[in-house]
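Peer 1: CSV, C-alpha atoms, saved as model_36.csv, coming up:
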chain,number,residue,atom,x,y,z
G,1,MET,CA,7.5,-32.7,1.8
G,2,GLY,CA,7.7,-33.1,5.6
G,3,ALA,CA,7.9,-29.4,6.1
G,4,GLN,CA,4.8,-28.9,4.0
G,5,THR,CA,2.6,-31.3,5.8
G,6,ARG,CA,3.8,-29.8,9.1
G,7,PHE,CA,2.8,-26.4,7.9
G,8,LYS,CA,-0.6,-27.6,6.8
G,9,SER,CA,-1.3,-29.1,10.2
G,10,SER,CA,-0.3,-25.8,11.9
G,11,VAL,CA,-2.8,-24.0,9.6
G,12,GLN,CA,-5.5,-26.5,10.4
G,13,SER,CA,-4.8,-26.2,14.1
G,14,GLY,CA,-6.3,-22.7,13.9
G,15,ARG,CA,-3.8,-20.0,13.7
G,16,LYS,CA,-3.4,-18.7,10.2
G,17,GLU,CA,-0.1,-17.1,9.9
G,18,THR,CA,0.0,-15.7,6.4
G,19,VAL,CA,-2.6,-14.2,4.2
G,20,LEU,CA,-1.3,-16.1,1.3
G,21,ASP,CA,-1.3,-19.9,1.0
G,22,LEU,CA,2.1,-20.6,-0.6
G,23,ALA,CA,1.1,-24.3,-1.0
G,24,LYS,CA,-0.4,-23.5,-4.4
G,25,PHE,CA,3.0,-22.2,-5.6
G,26,VAL,CA,5.0,-25.3,-4.6
G,27,ASP,CA,6.9,-26.7,-7.6
G,28,LYS,CA,5.9,-23.6,-9.6
G,29,GLY,CA,8.0,-20.7,-10.6
G,30,VAL,CA,7.9,-17.7,-8.3
G,31,GLN,CA,9.4,-14.3,-8.3
G,32,VAL,CA,10.7,-12.9,-5.1
G,33,LYS,CA,11.8,-9.4,-4.3
G,34,LEU,CA,14.0,-8.9,-1.2
G,35,THR,CA,14.6,-5.9,0.9
G,36,GLY,CA,17.7,-4.2,-0.4
G,37,GLY,CA,16.6,-4.6,-3.9
G,38,ARG,CA,17.6,-8.1,-5.0
G,39,GLN,CA,15.2,-9.9,-7.1
G,40,VAL,CA,15.2,-13.7,-7.8
G,41,THR,CA,13.1,-16.2,-9.5
G,42,GLY,CA,13.1,-19.9,-9.0
G,43,THR,CA,10.9,-23.0,-8.4
G,44,LEU,CA,9.4,-22.9,-4.9
G,45,LYS,CA,10.4,-26.1,-3.2
G,46,GLY,CA,9.5,-25.3,0.4
G,47,TYR,CA,8.5,-22.6,2.8
G,48,ASP,CA,7.5,-22.1,6.4
G,49,GLN,CA,5.2,-19.7,8.3
G,50,LEU,CA,8.0,-17.2,8.7
G,51,LEU,CA,8.1,-16.9,4.9
G,52,ASN,CA,11.5,-18.5,4.6
G,53,LEU,CA,11.5,-19.9,1.1
G,54,VAL,CA,13.5,-22.7,-0.6
G,55,LEU,CA,14.0,-22.0,-4.3
G,56,ASP,CA,15.5,-24.4,-6.7
G,57,GLU,CA,17.3,-23.4,-9.9
G,58,ALA,CA,17.1,-19.8,-8.7
G,59,THR,CA,18.2,-16.9,-10.9
G,60,GLU,CA,19.0,-13.5,-9.7
G,61,PHE,CA,18.4,-10.5,-11.8
G,62,LEU,CA,21.4,-8.3,-11.7
G,63,ARG,CA,21.1,-4.6,-11.1
G,64,ASP,CA,22.3,-1.6,-12.8
G,65,PRO,CA,25.6,-0.7,-11.1
G,66,GLU,CA,24.7,3.0,-11.6
G,67,ASP,CA,21.3,2.7,-10.1
G,68,PRO,CA,20.9,-0.3,-7.8
G,69,LEU,CA,17.2,0.1,-7.6
G,70,LYS,CA,16.9,-0.8,-11.3
G,71,THR,CA,17.1,-4.4,-12.4
G,72,THR,CA,18.6,-5.3,-15.7
G,73,ASP,CA,17.9,-8.3,-18.0
G,74,GLN,CA,21.3,-9.7,-17.0
G,75,THR,CA,21.0,-12.7,-14.7
G,76,ARG,CA,23.2,-15.0,-12.7
G,77,ARG,CA,22.4,-18.5,-11.7
G,78,LEU,CA,22.3,-19.3,-8.0
G,79,GLY,CA,21.0,-22.9,-7.9
G,80,LEU,CA,19.3,-24.1,-4.8
G,81,ILE,CA,18.8,-21.3,-2.3
G,82,VAL,CA,17.0,-20.4,0.9
G,83,CYS,CA,15.5,-16.9,1.1
G,84,ARG,CA,15.3,-15.6,4.6
G,85,GLY,CA,11.7,-14.8,5.4
G,86,THR,CA,12.5,-11.5,7.1
G,87,ALA,CA,14.1,-10.2,3.9
G,88,VAL,CA,11.2,-11.3,1.6
G,89,MET,CA,9.3,-8.3,0.5
G,90,LEU,CA,7.1,-9.6,-2.3
G,91,VAL,CA,6.2,-13.0,-3.7
G,92,SER,CA,4.4,-13.5,-7.0
G,93,PRO,CA,4.0,-16.4,-9.5
G,94,THR,CA,6.2,-16.1,-12.5
G,95,GLU,CA,3.5,-17.6,-14.7
G,96,GLY,CA,1.4,-14.8,-16.0
G,97,THR,CA,3.8,-12.1,-15.0
G,98,ASP,CA,4.9,-10.0,-18.0
G,99,GLU,CA,6.3,-6.7,-18.7
G,100,ILE,CA,3.6,-4.6,-20.4
G,101,ALA,CA,3.3,-1.1,-22.0
G,102,ASN,CA,2.0,1.7,-19.9
G,103,PRO,CA,-1.6,0.7,-19.1
G,104,PHE,CA,-2.4,4.0,-17.5
G,105,VAL,CA,-2.0,6.3,-20.5
G,106,GLN,CA,-5.8,6.4,-21.0
G,107,PRO,CA,-7.5,5.3,-17.8
G,108,ASP,CA,-10.2,3.1,-19.0
G,109,GLY,CA,-13.7,3.9,-18.0
G,110,ALA,CA,-12.6,7.2,-16.5
M,1,MET,CA,-17.7,8.8,29.5
M,2,ILE,CA,-19.7,10.3,26.7
M,3,PHE,CA,-16.5,11.7,25.3
M,4,CYS,CA,-15.1,8.2,25.0
M,5,LEU,CA,-18.2,6.9,23.4
M,6,VAL,CA,-18.0,9.6,20.7
M,7,TYR,CA,-14.4,8.6,20.0
M,8,TYR,CA,-15.4,5.0,19.8
M,9,LEU,CA,-18.1,5.8,17.2
M,10,VAL,CA,-15.9,8.1,15.1
M,11,LEU,CA,-12.5,6.5,15.4
M,12,GLN,CA,-11.5,3.6,13.3
M,13,LEU,CA,-8.4,1.5,13.0
M,14,PRO,CA,-6.4,1.6,9.8
M,15,LEU,CA,-6.3,-2.2,9.7
M,16,SER,CA,-10.1,-2.5,10.0
M,17,LEU,CA,-10.4,-0.1,7.1
M,18,LEU,CA,-8.0,-2.3,5.1
M,19,LYS,CA,-10.0,-5.4,6.0
M,20,THR,CA,-13.2,-3.7,4.9
M,21,ALA,CA,-11.5,-2.9,1.6
M,22,GLN,CA,-11.2,-6.5,0.7
M,23,GLY,CA,-12.4,-7.1,-2.9
M,24,HIS,CA,-11.8,-3.4,-3.7
M,25,PRO,CA,-9.2,-2.1,-6.1
M,26,MET,CA,-6.3,-0.2,-4.4
M,27,LEU,CA,-2.9,1.3,-4.9
M,28,VAL,CA,0.0,0.3,-2.7
M,29,GLU,CA,3.2,2.1,-2.7
M,30,LEU,CA,6.2,0.3,-1.2
M,31,LYS,CA,9.1,1.9,0.6
M,32,ASN,CA,11.3,1.3,-2.5
M,33,GLY,CA,8.9,3.5,-4.5
M,34,GLU,CA,7.3,0.7,-6.6
M,35,THR,CA,3.5,0.8,-6.8
M,36,TYR,CA,1.1,-2.0,-7.1
M,37,ASN,CA,-2.5,-1.6,-8.4
M,38,GLY,CA,-4.7,-4.5,-7.7
M,39,HIS,CA,-7.7,-5.9,-5.9
M,40,LEU,CA,-7.2,-6.7,-2.3
M,41,VAL,CA,-7.8,-10.4,-1.7
M,42,ASN,CA,-6.8,-10.6,1.9
M,43,CYS,CA,-4.8,-8.9,4.6
M,44,ASP,CA,-3.6,-9.6,8.2
M,45,THR,CA,-2.8,-7.8,11.4
M,46,TRP,CA,0.8,-7.2,10.1
M,47,MET,CA,-0.6,-5.4,7.0
M,48,ASN,CA,0.7,-8.2,4.8
M,49,ILE,CA,-1.5,-8.1,1.8
M,50,HIS,CA,-2.5,-10.4,-1.0
M,51,LEU,CA,-3.5,-8.7,-4.3
M,52,ARG,CA,-5.0,-10.1,-7.4
M,53,GLU,CA,-4.9,-8.8,-11.0
M,54,VAL,CA,-1.9,-6.6,-10.2
M,55,ILE,CA,-0.1,-4.0,-12.2
M,56,CYS,CA,3.3,-3.2,-10.9
M,57,THR,CA,4.9,0.2,-11.7
M,58,SER,CA,8.6,0.8,-11.3
M,59,LYS,CA,9.8,3.6,-9.0
M,60,ASP,CA,10.3,6.2,-11.8
M,61,GLY,CA,7.0,5.1,-13.5
M,62,ASP,CA,8.5,4.0,-16.8
M,63,ARG,CA,8.2,0.2,-16.6
M,64,PHE,CA,5.1,-1.8,-16.0
M,65,TRP,CA,4.4,-5.4,-15.2
M,66,ARG,CA,1.2,-7.3,-15.0
M,67,MET,CA,1.0,-10.2,-12.5
M,68,PRO,CA,-2.0,-12.4,-11.7
M,69,GLU,CA,-1.4,-12.0,-8.0
M,70,CYS,CA,1.2,-11.1,-5.4
M,71,TYR,CA,1.9,-11.2,-1.8
M,72,ILE,CA,3.4,-8.1,-0.1
M,73,ARG,CA,5.0,-8.0,3.3
M,74,GLY,CA,3.4,-5.3,5.4
M,75,ASN,CA,6.5,-3.6,6.6
M,76,THR,CA,7.6,-2.7,3.1
M,77,ILE,CA,4.4,-0.6,2.6
M,78,LYS,CA,4.6,3.1,2.5
M,79,TYR,CA,0.9,3.8,2.0
M,80,LEU,CA,-2.3,2.4,0.6
M,81,ARG,CA,-4.8,4.3,-1.5
M,82,VAL,CA,-8.2,3.0,-0.9
M,83,PRO,CA,-11.5,3.8,-2.8
M,84,ASP,CA,-13.4,6.5,-1.0
M,85,GLU,CA,-16.6,4.5,-0.5
M,86,VAL,CA,-14.8,2.0,1.8
M,87,ILE,CA,-14.8,4.4,4.7
M,88,ASP,CA,-18.6,4.7,4.6
M,89,LYS,CA,-18.7,0.9,4.6
M,90,VAL,CA,-16.7,0.7,7.8
M,91,GLN,CA,-19.1,3.1,9.4
M,92,GLU,CA,-22.1,1.1,8.3
M,93,GLU,CA,-20.7,-2.1,9.6
M,94,LYS,CA,-19.7,-0.5,12.8
M,95,SER,CA,-23.1,1.0,13.6
M,96,ARG,CA,-24.7,-2.3,12.6
M,97,SER,CA,-22.5,-4.3,14.9
M,98,ASP,CA,-22.8,-1.7,17.7
M,99,ARG,CA,-26.5,-2.5,17.9
M,100,ARG,CA,-25.8,-6.2,18.4
M,101,PRO,CA,-24.7,-7.7,21.6
M,102,PRO,CA,-20.9,-8.0,21.8
M,103,GLY,CA,-19.4,-11.2,20.4
M,104,VAL,CA,-22.1,-11.7,17.8
M,105,GLY,CA,-21.8,-11.2,14.1
M,106,ARG,CA,-18.1,-10.2,14.0
M,107,GLY,CA,-18.0,-11.3,10.4
M,108,ARG,CA,-16.4,-8.5,8.4
M,109,GLY,CA,-15.2,-8.9,4.8
M,110,ARG,CA,-18.1,-9.6,2.5
M,111,GLY,CA,-16.1,-10.9,-0.5
M,112,ARG,CA,-18.1,-9.0,-3.1
M,113,GLU,CA,-16.8,-8.7,-6.6
M,114,ASP,CA,-17.4,-5.6,-8.5
M,115,SER,CA,-15.7,-6.2,-11.7
M,116,SER,CA,-17.6,-3.5,-13.5
M,117,LYS,CA,-15.7,-0.9,-11.6
M,118,ALA,CA,-12.9,0.9,-13.3
M,119,LYS,CA,-9.4,0.1,-12.2
M,120,GLY,CA,-8.6,3.7,-11.2
M,121,ILE,CA,-9.8,4.7,-7.8
M,122,GLY,CA,-10.6,8.0,-6.1
M,123,ARG,CA,-13.2,10.6,-6.7
M,124,SER,CA,-13.6,13.4,-9.2
M,125,MET,CA,-10.0,13.6,-10.2
M,126,ASP,CA,-8.9,15.7,-13.0
M,127,ASP,CA,-6.8,14.0,-15.8
M,128,GLY,CA,-3.6,14.7,-14.1
M,129,ALA,CA,-4.5,13.2,-10.8
M,130,ALA,CA,-6.2,10.2,-12.4
M,131,LYS,CA,-3.0,9.5,-14.3
M,132,SER,CA,-0.9,9.7,-11.3
M,133,THR,CA,-3.1,7.2,-9.6
M,134,GLY,CA,-2.7,4.9,-12.4
M,135,GLY,CA,0.9,5.0,-12.9
M,136,GLY,CA,1.7,5.4,-9.3
M,137,ARG,CA,3.8,8.5,-9.5
M,138,GLY,CA,4.3,8.0,-13.2
M,139,ARG,CA,6.1,10.5,-15.3
M,140,GLY,CA,5.0,10.6,-18.8
M,141,GLY,CA,5.4,14.3,-19.1
M,142,ASN,CA,2.9,14.9,-16.5
M,143,ARG,CA,4.3,17.3,-13.9
M,144,ALA,CA,1.7,16.4,-11.3
M,145,GLY,CA,2.7,12.8,-11.4
M,146,GLY,CA,6.4,12.8,-11.7
M,147,GLY,CA,7.3,16.3,-10.8
M,148,ARG,CA,9.2,15.3,-7.6
M,149,GLY,CA,12.2,14.2,-9.6
M,150,ARG,CA,13.7,12.1,-6.9
W,1,MET,CA,-8.2,3.2,25.9
W,2,SER,CA,-5.8,6.2,25.9
W,3,SER,CA,-2.8,5.4,23.9
W,4,GLY,CA,-1.0,8.5,25.1
W,5,LEU,CA,-0.4,9.5,21.5
W,6,GLY,CA,-2.5,12.6,21.6
W,7,LEU,CA,-3.8,11.8,18.1
W,8,GLU,CA,-7.3,11.1,19.4
W,9,ASN,CA,-7.7,14.9,19.9
W,10,LEU,CA,-7.2,15.3,16.2
W,11,VAL,CA,-9.7,12.8,14.9
W,12,ASP,CA,-12.0,14.3,12.3
W,13,GLN,CA,-9.8,17.4,12.0
W,14,THR,CA,-7.6,18.4,9.1
W,15,ILE,CA,-4.0,17.4,9.7
W,16,SER,CA,-0.8,17.8,7.9
W,17,VAL,CA,1.5,14.8,7.6
W,18,ILE,CA,5.2,14.8,6.6
W,19,THR,CA,6.3,11.4,5.4
W,20,ASN,CA,9.8,10.0,5.4
W,21,ASP,CA,10.1,10.5,1.7
W,22,GLY,CA,9.5,14.2,2.2
W,23,ARG,CA,5.9,14.4,1.0
W,24,ASN,CA,3.4,16.7,2.7
W,25,ILE,CA,-0.1,15.2,2.8
W,26,VAL,CA,-3.1,17.1,4.1
W,27,GLY,CA,-6.3,15.4,5.0
W,28,ILE,CA,-8.9,14.6,7.6
W,29,LEU,CA,-7.7,12.2,10.3
W,30,LYS,CA,-10.2,9.3,10.5
W,31,GLY,CA,-8.3,6.9,12.5
W,32,PHE,CA,-5.0,5.6,13.8
W,33,ASP,CA,-3.5,2.8,15.8
W,34,GLN,CA,-0.7,2.0,18.2
W,35,ALA,CA,1.8,1.9,15.3
W,36,THR,CA,0.7,5.4,14.2
W,37,ASN,CA,-0.7,4.0,11.0
W,38,ILE,CA,-3.3,6.6,10.1
W,39,ILE,CA,-6.4,6.9,8.0
W,40,LEU,CA,-6.6,10.2,6.0
W,41,ASP,CA,-9.8,11.0,4.2
W,42,GLU,CA,-10.2,13.6,1.5
W,43,SER,CA,-6.4,13.9,1.4
W,44,HIS,CA,-4.3,15.7,-1.0
W,45,GLU,CA,-0.6,16.1,-1.4
W,46,ARG,CA,1.1,19.5,-1.6
W,47,VAL,CA,4.0,19.5,-3.8
W,48,TYR,CA,6.4,22.4,-3.2
W,49,SER,CA,8.8,23.8,-5.7
W,50,THR,CA,10.9,26.9,-6.0
W,51,LYS,CA,9.9,27.5,-9.6
W,52,GLU,CA,6.1,27.5,-9.3
W,53,GLY,CA,3.4,27.7,-6.7
W,54,VAL,CA,2.3,24.8,-4.6
W,55,GLN,CA,0.7,22.0,-6.6
W,56,GLN,CA,-2.2,20.1,-4.9
W,57,LEU,CA,-2.8,16.5,-6.0
W,58,VAL,CA,-6.0,14.9,-5.0
W,59,LEU,CA,-5.3,11.6,-3.3
W,60,GLY,CA,-8.6,10.6,-1.6
W,61,LEU,CA,-8.7,8.0,1.1
W,62,TYR,CA,-5.3,7.0,2.3
W,63,ILE,CA,-3.8,4.6,4.8
W,64,ILE,CA,-0.3,5.7,5.7
W,65,ARG,CA,1.9,3.3,7.4
W,66,GLY,CA,3.2,4.6,10.7
W,67,ASP,CA,6.9,3.8,10.1
W,68,ASN,CA,6.7,6.0,7.0
W,69,ILE,CA,5.5,9.0,9.0
W,70,SER,CA,7.8,11.7,10.3
W,71,ILE,CA,5.5,14.4,11.5
W,72,VAL,CA,1.8,14.7,12.2
W,73,GLY,CA,0.5,18.2,12.8
W,74,GLU,CA,-2.7,20.0,13.4
W,75,LEU,CA,-3.7,22.3,10.5
W,76,ASP,CA,-5.1,25.7,11.4
W,77,GLU,CA,-7.9,25.7,8.7
W,78,GLU,CA,-8.5,29.4,9.1
W,79,LEU,CA,-4.8,30.3,8.6
W,80,ASP,CA,-4.6,27.7,5.8
W,81,ALA,CA,-7.6,29.2,4.0
W,82,SER,CA,-5.9,32.6,4.1
W,83,LEU,CA,-2.8,31.3,2.3
W,84,ASP,CA,-2.5,31.7,-1.4
W,85,LEU,CA,-0.7,28.5,-2.2
W,86,SER,CA,-0.2,29.5,-5.8
W,87,LEU,CA,2.1,32.2,-4.6
W,88,LEU,CA,4.0,30.1,-2.2
W,89,ARG,CA,7.5,28.9,-3.2
W,90,ALA,CA,9.5,26.5,-1.2
W,91,HIS,CA,12.2,23.9,-1.6
W,92,PRO,CA,10.8,20.3,-1.5
W,93,LEU,CA,11.8,18.4,1.5
W,94,LYS,CA,14.5,15.8,1.2
W,95,PRO,CA,13.7,12.2,2.2
W,96,VAL,CA,14.7,10.9,5.6
W,97,ILE,CA,18.0,9.1,5.4
W,98,HIS,CA,18.2,6.0,7.6
Since I need it in another form, could you write the structure as structure tokens?
Peer 2:
Amino acid sequence: MGAQTRFKSSVQSGRKETVLDLAKFVDKGVQVKLTGGRQVTGTLKGYDQLLNLVLDEATEFLRDPEDPLKTTDQTRRLGLIVCRGTAVMLVSPTEGTDEIANPFVQPDGA
Amino acid sequence: MIFCLVYYLVLQLPLSLLKTAQGHPMLVELKNGETYNGHLVNCDTWMNIHLREVICTSKDGDRFWRMPECYIRGNTIKYLRVPDEVIDKVQEEKSRSDRRPPGVGRGRGRGREDSSKAKGIGRSMDDGAAKSTGGGRGRGGNRAGGGRGR
Amino acid sequence: MSSGLGLENLVDQTISVITNDGRNIVGILKGFDQATNIILDESHERVYSTKEGVQQLVLGLYIIRGDNISIVGELDEELDASLDLSLLRAHPLKPVIH
């Protein structure tokens, strides 16, 4: 909690560090992609302006050993983890994220 | 001197263009080959971007995910595909602000929402090109889109 | 304001860009910055293959991140117009390996 309030005050002091306010994701499920191809989901417990993240009950999606760029549905539990900010490539909320069929087959309105 | 002035009028910075593209749909390809189609909410000087209503396409264009929003770190971006009209917008804003005394009216992004616009971006594209915009470099039997076979 | 890049001389000219993933993108240079991020207008990709002629894909307005760019070159529009790309065969470039 302390880390969060400290971050908020640094935002209010003027310099906005990130384009995304992670505060709204706290205690919610997030999906994080890391450089090198790892992909984890977990509950966001904390963060800082360098995008270091604390994830609780984190799960990593294992990757196809043949093709490490592809993730499989196999997972492994990691528990409480810290994601180093410099390795964070992408953050998105888990809620509302779903795999869908190809939406581009017939470009709508085109 | 005149030479410099001409450059100043013509040249624009990639990040200013990106800033101007706020609210517009765009396609972002990451270094790992994944593409993200969404509306730009915000961006910063590191090219970190925040997209809304996103469709993520896997590297080989055979899997798709919908996500309400996502944050992408700038240094993982390979390129961004921006709607054509955005470049005219920058020019407009530039010439408008040029007439004003410096330091006044630096306001840029004008947070307009144009939901009536189709997702796909780009001009007068034939089917093939339109498809490859959509699915990133999607395959789907379309040689224009997935023909690189990497 | 000279960045010493030499790219300012190419603004509003057609340029050819080779990216780290081996793509060739041709378009009009509209802008750039210190990190060699570039704005390309009316851009298209040229896809080379040994089996068929060069395919041109319309891309439109592009911002290419500087760290993904290998080569930026001036395009001789006259020479380019005289080429029949449909007859041109070439191996696609391999991506840069870091």
Peer 1: Quick one: pull the distance between atom CA of Arg77 of chain G and atom CA of Phe61 of chain G, Å, one decimal.
Peer 2: 8.9 Å
Peer 1: Would you list which chain M residues are within 6 Å of chain W using all atoms listed in the file, as a ChimeraX atom specification?
Peer 2: /M:11-14,78-82,84,122
Peer 1: Using only C-alpha atoms, which chain G residues lie at most 10 Å away from chain M, written as a PyMOL selection string?
Peer 2: chain G and resi 16-22+30-37+51+69-70+85-110
Peer 1: Record the distance separating atom CA of Cys83 of chain G and atom CA of Lys24 of chain G, expressed in Å with one decimal.
Peer 2: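 Spanning atom CA of Cys83 of chain G to atom CA of Lys24 of chain G is a straight-line distance of 18.1 Å.
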Peer 1: Atom CA of Gln49 of chain G to atom CA of Glu53 of chain M: how many Å, to one decimal?
Peer 2: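 Taking atom CA of Gln49 of chain G and atom CA of Glu53 of chain M, their separation equals 24.4 Å.
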Peer 1: Need to verify the contact set: Val54 of chain G, 6 Å, only C-alpha atoms, exclusion of same-chain residues closer than 2 positions in sequence. Can you return it as a PyMOL selection string?
Peer 2: chain G and resi 44-46+81-82
Peer 1: Find the residue from W:Ser70, W:Ser86, W:Ser43, W:Thr50 that sits nearest to Ile15 of chain W; use all atoms listed in the file when measuring.
Peer 2: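 Selected residue with least distance to Ile15 of chain W: W:Ser43.
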Peer 1: What lies within 7 Å of Val72 of chain W using all atoms listed in the file, ignoring chain neighbours under 6 positions off, as a JSON list (two decimals) with C-alpha atoms, in the frame of the given file?
Peer 2:
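Written output follows (part_30.json):
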[["chain", "number", "residue", "atom", "x", "y", "z"],
["W", 15, "ILE", "CA", -4.00, 17.40, 9.70],
["W", 16, "SER", "CA", -0.80, 17.80, 7.90],
["W", 17, "VAL", "CA", 1.50, 14.80, 7.60],
["W", 18, "ILE", "CA", 5.20, 14.80, 6.60]]
Peer 1: As number ranges by chain, please: the residues near Gly53 of chain W (cut-off 9 Å, only C-alpha atoms, same-chain neighbours under 6 positions excluded).
Peer 2: W: 47, 84-90
